[in-house]
Amino acid sequence: MNIRANHPPTAEMQATDAAHHLHPFTHGDALNAKGTRVITRAEGVTLTDSDGKQYLDGMAGLWCVNIGYGRNELADVAARQMRDLPYYNTFFQTAHPPVIALAKRLAELMPEGLNHTFFAGSGSEANDTNLRLVRSYWAAKGKPEKRIFISRKNAYHGSSMGSASLGGMQAMHGQGGLPIPDIVHIDQPYWYGEGGDTDPAEFGLQRARLLEEEIARLGEENVAAFIAEPIQGAGGVIVPPETYWPEIQRICDAHDILLIADEVICGFGRTGNWFGSETYAIRPDIMTIAKGLSSGYAPIGGSVVSDEVAETINAMGEFYHGYTYSGHPVAAAVALENLRILEEDGIVDHARDVAAPYLAEKWAQLADHPIVGEARCKGMLAAVELTPDKSARAPFSTPVGQVGLRTRETCFENGLVMRNVRDSMIVSPPLILTRGDIDTLIDRAVKSLDETHAWLKAEGLMTAG
Ligand code: PXG
């Protein structure tokens with residue numbers, strides 16, 4: 001059913017898209033041969049495409065539409081702000097009401113001590129800010145040699161030169177001359193893929209202690225900061241063993257380095273608390289935010305820093321850094337309204353008390369599926385690892401990602417957006433998901449996994465690589 005067509009016919013849009021649009025993280029020729037999927041409307045947790053087909057959005061857009069689609073309050077606030085003051089900058093000793101109010105609101109919501117926000121237009125920009133800000137911080141403290149950032153393999157921190165260098169995605173580093181100097185990557189706490197026979201708790205400690213070994217190798221006097229996502233998102237919803245973060249915190253406390261929690265995905269209710277740092281009792285010096293800050297309704301991100309970091313930066317003289325859209329008034333007003341809705345509608349509470357426990361219960365049942373090697377879930381983040389041999393946690397003999405991609409396409413056909421990372425399937429749905437929505441999500445996921453299983457058997461691909 002094609003409701004209120006607000007667009008040209010699908011084939012025409014696909015041809016125009018192929019002719020003029022370069023997509024992110026996409027093999028252009030492959031997409032253009034096939035034609036892009038065009039999403040035209042969304043309401044609640046449901047997307048509609050240009051042919052009228054509907055999907056349950058298991059990814060909340062791109063891990064961001066925490067409050068769900070179609071909240072008119074945000075449209076109204078944006079329209080009002082565009083009329084009052086569509087743009088003004090925050091350089092040259094000026095500000096405007098929305099950015100001031102948002103900075104204050106964030107200080108209220110943040111874990112103790114994080115009271116100062118440097119705004120950006122995205123998570124990538126915010127992490128670029130962190131690189132320059134942290135190095136400037138150490139220089140201001142008379143320790144300019146503290147320049148090295150320690151990050152993790154398979155981390156995602158953005159796509160700009162700086163943030164992609166902070167990230168640990170090998171494929172990204174292979175393009176464009178990355179990483180930039182003075183960034184190193186330690187192994188990740190990915191038990192399913194890399195833990196072998198080690199007990200998960202022990203493995204978590206081992207992976208955390210790599211940080212201490214790396215600090216010793218580099219010399220503490222040369223290390224500026226450790227950056228990590230509380231739960232790795234784009235890397236495949238890597239939920240660390242419970243032993244991991246307390247040990248990381250101990251190591252950061254024991255050495256003179258800053259801890260940056262990249263909460264671009266984990267922030268604003270995703271893990272069942274306002275911040276992943278609460279879920280894992282992390283005490284960051286800096287937090288990166290974006291995505292759920294505005295539920296994706298407007299592009300905005302930021303670096304929220306501790307009093308001590310802010311005092312040092314404020315005292316050092318001019319910090320030569322900023323974006324035209326740092327604290328954009330429309331984005332700031334939209335973010336404020338989003339934060340109001342997250343709180344007043346009890347959406348973070350709903351995620352913690354209703355949706356996440358029910359998702360965890362239902363998701364765990366996927367572990368019984370014949371091609372599922374592990375089903376893991378934390379808050380409103382979940383993943384299943386696909387395998388031809390459950391007990392061995394073995395990968396498929398097919399090229400990495402082929403089975404996952406096939407499953408993703410099957411999910412689309414079955415009305416579910418569930419994406420693949422390698423040969424795992426992940427969800428990060430809007431936090432407003434009801435129990436009924438979760439039943440629908442699981443039903444469609446099982447149907448899709450069944451179809452993948454049938455295809456694997458028919459093709460003789462239930463073999464380990
Ligand atoms: N940090 C984290 C933890 C992220 O997940 C960024 C920083 C960068 O934010 P911006 O706003 O610059 O995109 C992200 C973004 C994927 C995918 O395929 C994930 C992200 C972005 C694009 C794709 O899972 N996360």
# chains A, B, ... in the order shown; residues from 1 in each chain; ligands from 1

call {"tool": "residues_around", "arguments": {"residues": "Gly404 in chain A", "least_positions_apart": "4", "cutoff": "10 Å", "atoms": "only C-alpha atoms", "output": "PDB file with C-alpha atoms, in the first residue's frame"}}
result
ATOM      1  CA  GLU A 385      26.978 -15.195  15.883  1.00  0.00           C
ATOM      2  CA  LEU A 386      26.236 -17.471  12.937  1.00  0.00           C
ATOM      3  CA  VAL A 400      33.601 -13.753   5.787  1.00  0.00           C
ATOM      4  CA  ARG A 408      20.478  -9.312   6.174  1.00  0.00           C
ATOM      5  CA  GLU A 409      18.781  -9.343   2.768  1.00  0.00           C
ATOM      6  CA  THR A 410      16.428 -12.105   3.928  1.00  0.00           C
ATOM      7  CA  ARG A 419      22.161  -5.897   9.891  1.00  0.00           C
ATOM      8  CA  ASN A 420      25.231  -8.053   9.668  1.00  0.00           C
ATOM      9  CA  VAL A 421      28.752  -7.446  10.897  1.00  0.00           C
ATOM     10  CA  ARG A 422      30.881 -10.140   9.337  1.00  0.00           C
ATOM     11  CA  ASP A 423      28.768 -13.292   9.918  1.00  0.00           C
ATOM     12  CA  SER A 424      26.989 -12.029  12.982  1.00  0.00           C
ATOM     13  CA  MET A 425      23.592 -10.348  13.040  1.00  0.00           C
ATOM     14  CA  ILE A 426      22.975  -7.374  15.264  1.00  0.00           C
ATOM     15  CA  THR A 452      19.427 -18.873   5.816  1.00  0.00           C
TER      16      THR A 452
END

call {"tool": "residues_around", "arguments": {"residues": "Gly373 in chain A", "least_positions_apart": "4", "cutoff": "8 Å", "atoms": "only C-alpha atoms", "output": "list of chain:residue names"}}
result
A:Ala367, A:Val384, A:Glu385, A:Leu386, A:Thr387, A:Asp389, A:Lys390, A:Ser391, A:Arg393

call {"tool": "select_by_dssp", "arguments": {"residues": "range 41-135 of chain A", "states": "strand (DSSP E or B)", "output": "PyMOL selection string"}}
result
chain A and resi 41-44+46-49+54-57+69+114-120

call {"tool": "write_last_selection", "arguments": {"atoms": "N, CA and C atoms", "output": "compact mmCIF listing (two decimals), in the first residue's frame"}}
result
# COMPACT_ATOMS: atom_id res chain seq x y z
N ARG A 41 9.17 7.14 4.64
CA ARG A 41 8.47 7.62 5.83
C ARG A 41 8.80 6.70 6.99
N ALA A 42 8.53 7.18 8.19
CA ALA A 42 8.69 6.33 9.37
C ALA A 42 7.81 6.84 10.49
N GLU A 43 7.35 5.91 11.29
CA GLU A 43 6.49 6.26 12.43
C GLU A 43 6.75 5.23 13.52
N GLY A 44 6.99 5.71 14.72
CA GLY A 44 7.22 4.77 15.82
C GLY A 44 8.47 3.94 15.59
N THR A 46 8.53 1.78 12.87
CA THR A 46 8.27 1.21 11.54
C THR A 46 8.70 2.13 10.42
N LEU A 47 9.48 1.57 9.49
CA LEU A 47 9.90 2.29 8.29
C LEU A 47 9.01 1.90 7.12
N THR A 48 8.82 2.83 6.19
CA THR A 48 8.08 2.52 4.96
C THR A 48 8.97 2.87 3.78
N ASP A 49 9.05 1.97 2.79
CA ASP A 49 9.87 2.30 1.62
C ASP A 49 9.00 2.83 0.49
N GLN A 54 6.74 -2.23 4.52
CA GLN A 54 7.08 -1.77 5.86
C GLN A 54 8.08 -2.69 6.55
N TYR A 55 8.90 -2.11 7.39
CA TYR A 55 9.94 -2.84 8.11
C TYR A 55 9.94 -2.42 9.57
N LEU A 56 10.14 -3.38 10.43
CA LEU A 56 10.44 -3.04 11.82
C LEU A 56 11.92 -2.65 11.87
N ASP A 57 12.20 -1.45 12.36
CA ASP A 57 13.57 -0.95 12.31
C ASP A 57 14.37 -1.44 13.51
N TYR A 69 10.47 7.13 15.69
CA TYR A 69 10.18 8.11 14.63
C TYR A 69 8.86 8.83 14.90
N LEU A 114 31.48 15.53 34.95
CA LEU A 114 31.53 15.87 33.52
C LEU A 114 30.54 17.01 33.28
N ASN A 115 31.05 18.21 33.29
CA ASN A 115 30.16 19.38 33.34
C ASN A 115 30.34 20.36 32.19
N HIS A 116 31.16 20.00 31.19
CA HIS A 116 31.51 20.99 30.16
C HIS A 116 31.50 20.32 28.78
N THR A 117 30.74 20.90 27.85
CA THR A 117 30.62 20.27 26.53
C THR A 117 31.20 21.15 25.43
N PHE A 118 32.03 20.54 24.60
CA PHE A 118 32.48 21.17 23.35
C PHE A 118 31.64 20.54 22.24
N PHE A 119 30.82 21.33 21.56
CA PHE A 119 29.88 20.76 20.61
C PHE A 119 30.50 20.55 19.22
N ALA A 120 29.94 19.55 18.54
CA ALA A 120 30.36 19.21 17.18
C ALA A 120 29.10 18.82 16.39

call {"tool": "residues_near_ligand", "arguments": {"ligand": "ligand 1", "cutoff": "6 Å", "atoms": "only C-alpha atoms and all ligand atoms", "output": "list in words"}}
result
Ser122, Gly123, Ser124, Tyr156, His157, Gly158, Glu229, Gly233, Ala234, Asp262, Glu263, Val264, Ile265 and Ala290 of chain A

call {"tool": "write_last_selection", "arguments": {"atoms": "N, CA and C atoms", "output": "JSON list (two decimals), in the first residue's frame"}}
result
[["chain", "number", "residue", "atom", "x", "y", "z"],
["A", 122, "SER", "N", 28.88, 15.88, 14.78],
["A", 122, "SER", "CA", 28.80, 14.42, 14.66],
["A", 122, "SER", "C", 29.76, 13.78, 15.66],
["A", 123, "GLY", "N", 29.67, 12.46, 15.74],
["A", 123, "GLY", "CA", 30.60, 11.72, 16.59],
["A", 123, "GLY", "C", 32.03, 11.79, 16.07],
["A", 124, "SER", "N", 32.18, 11.73, 14.74],
["A", 124, "SER", "CA", 33.54, 11.83, 14.16],
["A", 124, "SER", "C", 34.20, 13.14, 14.53],
["A", 156, "TYR", "N", 35.21, 1.40, 16.59],
["A", 156, "TYR", "CA", 34.75, 2.40, 15.62],
["A", 156, "TYR", "C", 34.59, 3.73, 16.32],
["A", 157, "HIS", "N", 35.34, 4.73, 15.83],
["A", 157, "HIS", "CA", 35.23, 6.05, 16.44],
["A", 157, "HIS", "C", 34.90, 7.13, 15.41],
["A", 158, "GLY", "N", 34.60, 6.75, 14.16],
["A", 158, "GLY", "CA", 34.23, 7.73, 13.15],
["A", 158, "GLY", "C", 34.99, 7.55, 11.86],
["A", 229, "GLU", "N", 34.75, 2.32, 23.37],
["A", 229, "GLU", "CA", 33.30, 2.25, 23.52],
["A", 229, "GLU", "C", 32.99, 1.31, 24.69],
["A", 233, "GLY", "N", 30.05, -1.11, 19.17],
["A", 233, "GLY", "CA", 28.83, -1.22, 18.38],
["A", 233, "GLY", "C", 29.10, -1.72, 16.97],
["A", 234, "ALA", "N", 29.66, -0.84, 16.13],
["A", 234, "ALA", "CA", 29.89, -1.19, 14.73],
["A", 234, "ALA", "C", 30.80, -2.40, 14.59],
["A", 262, "ASP", "N", 33.77, 6.52, 24.57],
["A", 262, "ASP", "CA", 33.03, 6.91, 23.37],
["A", 262, "ASP", "C", 31.63, 6.33, 23.48],
["A", 263, "GLU", "N", 30.69, 7.20, 23.87],
["A", 263, "GLU", "CA", 29.31, 6.78, 24.14],
["A", 263, "GLU", "C", 28.37, 7.17, 23.01],
["A", 264, "VAL", "N", 28.94, 7.30, 21.80],
["A", 264, "VAL", "CA", 28.11, 7.72, 20.67],
["A", 264, "VAL", "C", 26.95, 6.73, 20.49],
["A", 265, "ILE", "N", 27.21, 5.45, 20.67],
["A", 265, "ILE", "CA", 26.14, 4.46, 20.60],
["A", 265, "ILE", "C", 25.56, 4.17, 21.99],
["A", 290, "ALA", "N", 26.83, 11.66, 20.58],
["A", 290, "ALA", "CA", 26.20, 12.05, 19.30],
["A", 290, "ALA", "C", 24.90, 11.22, 19.20]]

call {"tool": "residues_around", "arguments": {"residues": "Lys34 in chain A", "least_positions_apart": "2", "cutoff": "12 Å", "atoms": "only C-alpha atoms", "output": "ChimeraX atom specification"}}
result
/A:11,14-15,17-18,27-32,36-37

call {"tool": "residues_around", "arguments": {"residues": "Leu74 in chain A", "least_positions_apart": "6", "cutoff": "9 Å", "atoms": "only C-alpha atoms", "output": "JSON, numbers by chain"}}
result
{"A": [297, 333, 334, 335, 337, 338]}

call {"tool": "closest_residue", "arguments": {"among": "A:Glu213, A:Asp349, A:Glu318, A:Asp76", "to": "Gly272 in chain A", "atoms": "only C-alpha atoms"}}
result
A:Asp349

call {"tool": "residues_around", "arguments": {"residues": "Ile150 in chain A", "least_positions_apart": "5", "cutoff": "10 Å", "atoms": "only C-alpha atoms", "output": "compact mmCIF listing (two decimals) with C-alpha atoms, in the first residue's frame"}}
result
# COMPACT_ATOMS: atom_id res chain seq x y z
CA LEU A 166 41.44 6.25 16.53
CA ASP A 182 50.86 8.25 17.60
CA ILE A 183 47.78 6.06 17.77
CA VAL A 184 48.15 2.39 18.73
CA HIS A 185 45.56 -0.38 18.99
CA ILE A 186 45.39 -3.22 21.48
CA LEU A 211 46.45 -1.78 28.25
CA GLU A 214 51.08 -1.18 26.25
CA ILE A 215 51.47 1.77 28.63
CA LEU A 218 55.34 3.03 25.29
CA VAL A 223 50.67 8.17 26.62
CA ALA A 224 47.87 10.73 26.51
CA ALA A 225 44.68 8.69 26.72
CA PHE A 226 42.84 5.43 26.28
CA ILE A 227 39.65 5.59 24.21
CA ALA A 228 36.98 2.89 24.03
CA ILE A 257 46.41 8.98 31.37
CA LEU A 259 40.05 7.78 29.89

call {"tool": "residues_around", "arguments": {"residues": "Phe275 in chain A", "least_positions_apart": "4", "cutoff": "10 Å", "atoms": "only C-alpha atoms", "output": "list in words"}}
result
Leu109, Met110, Pro111, Pro230, Ala261, Glu263, Val264, Ile265, Cys266, Gly267, Phe268, Gly269, Arg270, Thr271, Thr279, Tyr280, Ala281, Ile282, Met287 and Ile289 of chain A

call {"tool": "write_last_selection", "arguments": {"atoms": "C-alpha atoms", "output": "PDB file, in the first residue's frame"}}
result
ATOM      1  CA  LEU A 109      22.508  14.170  33.120  1.00  0.00           C
ATOM      2  CA  MET A 110      26.177  13.219  32.968  1.00  0.00           C
ATOM      3  CA  PRO A 111      28.044  11.139  35.522  1.00  0.00           C
ATOM      4  CA  PRO A 230      31.719   0.726  26.661  1.00  0.00           C
ATOM      5  CA  ALA A 261      34.410   6.748  26.890  1.00  0.00           C
ATOM      6  CA  GLU A 263      29.312   6.781  24.144  1.00  0.00           C
ATOM      7  CA  VAL A 264      28.106   7.721  20.669  1.00  0.00           C
ATOM      8  CA  ILE A 265      26.137   4.457  20.600  1.00  0.00           C
ATOM      9  CA  CYS A 266      25.935   3.549  24.299  1.00  0.00           C
ATOM     10  CA  GLY A 267      24.704   6.953  25.467  1.00  0.00           C
ATOM     11  CA  PHE A 268      21.158   8.103  26.080  1.00  0.00           C
ATOM     12  CA  GLY A 269      19.568   4.893  27.259  1.00  0.00           C
ATOM     13  CA  ARG A 270      21.001   2.329  24.879  1.00  0.00           C
ATOM     14  CA  THR A 271      22.484   0.069  27.562  1.00  0.00           C
ATOM     15  CA  THR A 279      26.225   0.356  33.272  1.00  0.00           C
ATOM     16  CA  TYR A 280      29.906  -0.534  33.651  1.00  0.00           C
ATOM     17  CA  ALA A 281      30.833   1.865  36.493  1.00  0.00           C
ATOM     18  CA  ILE A 282      33.326   3.674  34.263  1.00  0.00           C
ATOM     19  CA  MET A 287      32.781  11.317  27.018  1.00  0.00           C
ATOM     20  CA  ILE A 289      28.323  11.815  22.473  1.00  0.00           C
TER      21      ILE A 289
END

call {"tool": "closest_residue", "arguments": {"among": "A:Ala382, A:Ala201, A:Leu431, A:Met13", "to": "Pro240 in chain A", "atoms": "only C-alpha atoms"}}
result
A:Ala201

call {"tool": "closest_atom_pairs", "arguments": {"of": "range 129-155 of chain A", "to": "range 320-326 of chain A", "cutoff": "10 Å", "atoms": "only C-alpha atoms", "output": "JSON lines"}}
result
{"residue": "A:Thr129", "atom": "CA", "partner": "A:His321", "partner_atom": "CA", "distance": 7.5}
{"residue": "A:Arg132", "atom": "CA", "partner": "A:His321", "partner_atom": "CA", "distance": 8.0}
{"residue": "A:Leu133", "atom": "CA", "partner": "A:His321", "partner_atom": "CA", "distance": 8.5}
{"residue": "A:Ser136", "atom": "CA", "partner": "A:Tyr320", "partner_atom": "CA", "distance": 9.8}

call {"tool": "closest_residue", "arguments": {"among": "A:Glu112, A:Lys141, A:Ala208, A:Pro395", "to": "Ile286 in chain A", "atoms": "only C-alpha atoms"}}
result
A:Glu112

call {"tool": "residues_around", "arguments": {"residues": "Ile180 in chain A", "least_positions_apart": "3", "cutoff": "8 Å", "atoms": "only C-alpha atoms", "output": "list in words"}}
result
Met161, Gly162, Ser165, Gly177 and Ile183 of chain A

call {"tool": "closest_residue", "arguments": {"among": "A:Pro388, A:Pro200, A:Pro284, A:Gly176", "to": "Ile260 in chain A", "atoms": "only C-alpha atoms"}}
result
A:Pro284

call {"tool": "closest_residue", "arguments": {"among": "A:Ala458, A:Leu441, A:Met59, A:Val427", "to": "Gly415 in chain A", "atoms": "only C-alpha atoms"}}
result
A:Leu441

call {"tool": "select_by_dssp", "arguments": {"residues": "range 218-462 of chain A", "states": "helix (DSSP H, G or I)", "output": "VMD selection string"}}
result
chain A and resid 218 220 to 222 244 to 254 276 to 279 291 to 293 307 to 315 329 to 344 347 to 368 402 to 413 435 to 458
